[in-house]
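**Student:** Before anything else, here's the structure in question.
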Amino acid sequence: MVAALWAVCLVGLVLWALLGGPAGIDAGWWVLYAVWLLPFVVLRSMTRGVAERPVARLDEREAKLRGRYLAIGYYTALCAGFAVAVYLVALSHADPTALARGAQLLLVAMGMAAAVPTVALGWTAPDDDPEDLETA
């Protein structure tokens, strides 16, 4: 549910950046950006920060998960950065006064690259076994 809220806010940010006016980044976009960061913070606490924690502090299972999801974040960063670069090149030829939208998309791409490992882990990670959580 939290990951779905994050995804909906992501779509809203991208659409707002693409369809918004060329006047610059308005206050409503910043509010939506802050709302978009809240589910990331919640997911990070729910996953105990496995995707961001140093490997020395993880057990073997968590280290494997961290490696898998950091690779997803890396490829997301590459693809998002490429998409923003292509958009900025196309935009500079079509409407050079609307480069603020490119800055909005760059902020979204950076935030997405940072959050995708945690969101993917929160979305797909198996639940802990209840027997492992019991204390004797």
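Every chain in the structure tokens takes a letter, A first, then B, and so on in the order presented; its residues are numbered from 1, and the ligands are numbered from 1 following the presented order.
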Using the chain letters and numbers from this document, which residues of stretch 9-113 of chain A does DSSP assign to helix (DSSP H, G or I), as a PyMOL selection string?
**Tutor:** chain A and resi 9-19+27-46+55-57+60-94+96-113
**Student:** If we count only C-alpha atoms and set the cut-off at 12 Å, which residues sit around stretch 75-83 of chain A, ignoring sequence neighbours fewer than 5 positions away in its own chain? Please answer as a JSON list (two decimals) with N, CA and C atoms, in the first residue's frame.
**Tutor:**
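Final file, selection08.json:
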[["chain", "number", "residue", "atom", "x", "y", "z"],
["A", 14, "VAL", "N", 5.89, 13.44, -12.32],
["A", 14, "VAL", "CA", 6.35, 13.44, -13.71],
["A", 14, "VAL", "C", 5.34, 14.15, -14.60],
["A", 68, "ARG", "N", 20.90, -7.29, -4.71],
["A", 68, "ARG", "CA", 19.90, -7.41, -5.77],
["A", 68, "ARG", "C", 19.15, -6.10, -5.98],
["A", 69, "TYR", "N", 18.73, -5.47, -4.90],
["A", 69, "TYR", "CA", 17.92, -4.26, -5.03],
["A", 69, "TYR", "C", 18.76, -3.03, -5.35],
["A", 70, "LEU", "N", 20.03, -3.00, -4.96],
["A", 70, "LEU", "CA", 20.88, -1.89, -5.36],
["A", 70, "LEU", "C", 21.16, -1.94, -6.86],
["A", 88, "LEU", "N", 15.92, 16.94, -22.07],
["A", 88, "LEU", "CA", 16.54, 18.26, -22.04],
["A", 88, "LEU", "C", 17.10, 18.67, -23.40],
["A", 89, "VAL", "N", 17.68, 17.73, -24.12],
["A", 89, "VAL", "CA", 18.19, 18.04, -25.46],
["A", 89, "VAL", "C", 17.04, 18.41, -26.38],
["A", 90, "ALA", "N", 15.97, 17.62, -26.35],
["A", 90, "ALA", "CA", 14.81, 17.92, -27.20],
["A", 90, "ALA", "C", 14.16, 19.23, -26.79],
["A", 91, "LEU", "N", 14.07, 19.48, -25.51],
["A", 91, "LEU", "CA", 13.43, 20.70, -25.01],
["A", 91, "LEU", "C", 14.25, 21.94, -25.35],
["A", 102, "GLY", "N", 12.80, 20.51, -16.99],
["A", 102, "GLY", "CA", 13.91, 19.56, -16.98],
["A", 102, "GLY", "C", 14.51, 19.43, -15.59],
["A", 103, "ALA", "N", 14.61, 20.55, -14.87],
["A", 103, "ALA", "CA", 15.11, 20.50, -13.50],
["A", 103, "ALA", "C", 14.17, 19.70, -12.60],
["A", 105, "LEU", "N", 12.23, 17.23, -13.59],
["A", 105, "LEU", "CA", 12.42, 15.82, -13.93],
["A", 105, "LEU", "C", 13.74, 15.28, -13.38],
["A", 106, "LEU", "N", 14.76, 16.11, -13.35],
["A", 106, "LEU", "CA", 16.04, 15.68, -12.78],
["A", 106, "LEU", "C", 15.91, 15.41, -11.29],
["A", 107, "LEU", "N", 15.19, 16.26, -10.57],
["A", 107, "LEU", "CA", 14.95, 16.03, -9.14],
["A", 107, "LEU", "C", 14.17, 14.73, -8.91],
["A", 108, "VAL", "N", 13.18, 14.49, -9.76],
["A", 108, "VAL", "CA", 12.40, 13.25, -9.65],
["A", 108, "VAL", "C", 13.29, 12.05, -9.95],
["A", 109, "ALA", "N", 14.12, 12.14, -10.98],
["A", 109, "ALA", "CA", 15.00, 11.02, -11.35],
["A", 109, "ALA", "C", 15.98, 10.70, -10.23],
["A", 110, "MET", "N", 16.55, 11.73, -9.61],
["A", 110, "MET", "CA", 17.49, 11.50, -8.51],
["A", 110, "MET", "C", 16.79, 10.88, -7.30],
["A", 111, "GLY", "N", 15.62, 11.40, -6.97],
["A", 111, "GLY", "CA", 14.87, 10.83, -5.85],
["A", 111, "GLY", "C", 14.42, 9.41, -6.13],
["A", 112, "MET", "N", 14.03, 9.16, -7.38],
["A", 112, "MET", "CA", 13.59, 7.82, -7.74],
["A", 112, "MET", "C", 14.75, 6.83, -7.66],
["A", 113, "ALA", "N", 15.91, 7.22, -8.16],
["A", 113, "ALA", "CA", 17.07, 6.33, -8.10],
["A", 113, "ALA", "C", 17.46, 6.01, -6.66],
["A", 114, "ALA", "N", 17.31, 6.98, -5.77],
["A", 114, "ALA", "CA", 17.64, 6.74, -4.37],
["A", 114, "ALA", "C", 16.60, 5.87, -3.68],
["A", 115, "ALA", "N", 15.35, 5.99, -4.08],
["A", 115, "ALA", "CA", 14.27, 5.29, -3.38],
["A", 115, "ALA", "C", 13.91, 3.94, -3.96],
["A", 116, "VAL", "N", 14.21, 3.69, -5.23],
["A", 116, "VAL", "CA", 13.77, 2.45, -5.87],
["A", 116, "VAL", "C", 14.26, 1.19, -5.15],
["A", 117, "PRO", "N", 15.50, 1.10, -4.68],
["A", 117, "PRO", "CA", 15.88, -0.13, -3.97],
["A", 117, "PRO", "C", 15.00, -0.41, -2.75],
["A", 120, "ALA", "N", 11.36, -1.31, -3.98],
["A", 120, "ALA", "CA", 11.31, -2.66, -4.54],
["A", 120, "ALA", "C", 11.44, -3.71, -3.44]]
**Student:** Which residue, A:Pro54, A:Gly28, A:Gly12, A:Pro39, has the smallest gap to A:Thr118 when you use only C-alpha atoms?
**Tutor:**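 Smallest distance to A:Thr118 is found for A:Pro39.
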**Student:** Show which residues sit within 12 Å of stretch 40-51 of chain A, as an MDAnalysis selection string. Count only C-alpha atoms, and ignore same-chain residues fewer than 3 positions away.
**Tutor:** chainID A and resid 1:7 9:10 33:37 54:73 111:128
**Student:** Using only C-alpha atoms, which of the listed residues (A:Ala27, A:Val8, A:Leu18, A:Glu52) sits closest to A:Val84?
**Tutor:**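 Result for the nearest residue to A:Val84: A:Leu18.
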**Student:** Give me, please, the distance in Å between atom CA of A:Leu19 and atom CA of A:Tyr74, quoted to one decimal.
**Tutor:**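 Going from atom CA of A:Leu19 over to atom CA of A:Tyr74 covers 27.3 Å.
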**Student:** With distances taken over only C-alpha atoms, which of A:Ile25, A:Val31, A:Leu38, A:Ala17 is nearest to A:Tyr87?
**Tutor:**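 Closest to A:Tyr87 of all the choices is A:Ala17.
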